[in-house]
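Below is one structure, written out as structure tokens; comments come after it.
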Amino acid sequence: MKKFTIFLAMVFCATIVTAQNAPTAVPADPLAIAALHDFGTIPQGRPVTFDFQLTNTGKDLLKIENVSASCGCTTPKWSPDPVQPGQKSTITVGYNAAGEGIFEKSVTITYNGSQTKTIYIKGQVAKAIPSAPANTSVALLKQVN
């Protein structure tokens with residue numbers, strides 16, 4: 001009886017170890033897109049945009065359901081049309097550059113029901129340089145000649 005109990009314990013332990021090491025199939029992410037765009041230095045008060053190219057690397061349709069920005073200074077635009085396998089689409093992300101300084105903003109893409117992916121934009125907004133005052137000497141020189 002003792003040998004039988006030891007045998008059952010060994011079988012039980014082997015089953016647990018095998019179950020823990022069994023590979024689980026994780027579905028491949030069908031949305032391929034660059035994770036970051038750096039605008040570099042941009043002038044204050046001049047809005048900028050960037051087109052993120054996305055590719056459907058899956059075998060089924062890719063449906064972008066929502067694209068939301070982390071703040072009101074960032075505006076995403078995208079097509080509601082499903083993306084066929086192997087095809088590309090675009091998400092345009094705009095930034096209004098109203099505030100001076102370094103920025104990093106996130107944009108979250110919700111697709112195929114409940115999957116999400118976050119992309120980022122970053123850069124630095126340089127203080128706007130006022131335009132030079134009108135040069136009255138030029139007008140005076142034009143009158144002389």
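Residues are referred to by chain and number: the chain letter is A, B, ... according to the order shown in the structure tokens, the number counts from 1 in that chain, and ligands are numbered separately from 1 in the order shown.
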Which residues of stretch 26-50 of chain A come within 12 Å of stretch 59-80 of chain A, and for each one, what is the closest pair of atoms and their distance in Å to one decimal, counting only C-alpha atoms, sorted by chain and residue number, as JSON lines?
{"residue": "A:Pro27", "atom": "CA", "partner": "A:Lys59", "partner_atom": "CA", "distance": 10.9}
{"residue": "A:Ala28", "atom": "CA", "partner": "A:Lys59", "partner_atom": "CA", "distance": 9.8}
{"residue": "A:Asp29", "atom": "CA", "partner": "A:Leu62", "partner_atom": "CA", "distance": 10.3}
{"residue": "A:Pro30", "atom": "CA", "partner": "A:Leu62", "partner_atom": "CA", "distance": 7.2}
{"residue": "A:Leu31", "atom": "CA", "partner": "A:Leu62", "partner_atom": "CA", "distance": 7.5}
{"residue": "A:Ala32", "atom": "CA", "partner": "A:Leu62", "partner_atom": "CA", "distance": 10.8}
{"residue": "A:Gly45", "atom": "CA", "partner": "A:Cys73", "partner_atom": "CA", "distance": 11.6}
{"residue": "A:Pro47", "atom": "CA", "partner": "A:Cys73", "partner_atom": "CA", "distance": 9.6}
{"residue": "A:Val48", "atom": "CA", "partner": "A:Thr74", "partner_atom": "CA", "distance": 9.8}
{"residue": "A:Thr49", "atom": "CA", "partner": "A:Thr75", "partner_atom": "CA", "distance": 8.9}
{"residue": "A:Phe50", "atom": "CA", "partner": "A:Pro76", "partner_atom": "CA", "distance": 9.6}
Using only C-alpha atoms, please write the residues we just selected to a file, as an mmCIF file, in the first residue's frame.
data_model
loop_
_atom_site.group_PDB
_atom_site.id
_atom_site.type_symbol
_atom_site.label_atom_id
_atom_site.label_comp_id
_atom_site.auth_asym_id
_atom_site.auth_seq_id
_atom_site.Cartn_x
_atom_site.Cartn_y
_atom_site.Cartn_z
ATOM 1 C CA PRO A 27 -2.744 34.873 -30.493
ATOM 2 C CA ALA A 28 -0.465 37.086 -32.538
ATOM 3 C CA ASP A 29 -1.174 40.820 -32.390
ATOM 4 C CA PRO A 30 -2.596 41.772 -35.804
ATOM 5 C CA LEU A 31 -1.816 45.502 -35.420
ATOM 6 C CA ALA A 32 1.694 46.526 -36.460
ATOM 7 C CA GLY A 45 1.585 78.167 -31.919
ATOM 8 C CA PRO A 47 0.106 72.823 -35.058
ATOM 9 C CA VAL A 48 1.884 69.716 -36.369
ATOM 10 C CA THR A 49 0.623 66.318 -37.553
ATOM 11 C CA PHE A 50 2.106 62.904 -38.185
#
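Residues within 8 Å of A:Ala34, counting only C-alpha atoms and excluding same-chain residues fewer than 5 positions away, are A:Phe52, A:Gln53, A:Leu54, A:Ile119.
Using only C-alpha atoms for every distance, the candidate list A:Gly99, A:Tyr120, A:Ser114, A:Pro133 yields A:Gly99 as the residue closest to A:Pro43.
Shortest atom-to-atom contact with A:Lys105 among A:Gly123, A:Pro85, A:Gly58, A:Gly40: A:Gly123, counting only C-alpha atoms.
Going from atom CA of A:Val125 over to atom CA of A:Thr108, you cover 22.6 Å.
Closest approach to A:Thr92 among A:Lys122, A:Val107, A:Thr41, A:Asp51: A:Asp51, based on only C-alpha atoms.
Atom pair atom CA of A:Ser89 / atom CA of A:Ser106 has a distance of 19.2 Å (rounded to one decimal).
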- Message: Taking the DSSP secondary structure from the backbone, can you list the residues of stretch 23-137 of chain A that are strand (DSSP E), as a ChimeraX atom specification?
- Response: /A:31-33,36-43,48-56,64-69,74-78,88-95,101-111,115-126
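Interatomic distance, atom CA of A:Gln124 to atom CA of A:Ala35: 18.1 Å.
The shortest atom-to-atom distance to A:Gly94, with only C-alpha atoms taken into account, belongs to A:Phe39 out of A:Phe39, A:Thr110, A:Thr116, A:Ala126.
Shortest separation to A:Ala128 among A:Thr55, A:Gln84, A:Gly113, A:Gly101 occurs at residue A:Gly101, atoms counted being only C-alpha atoms.
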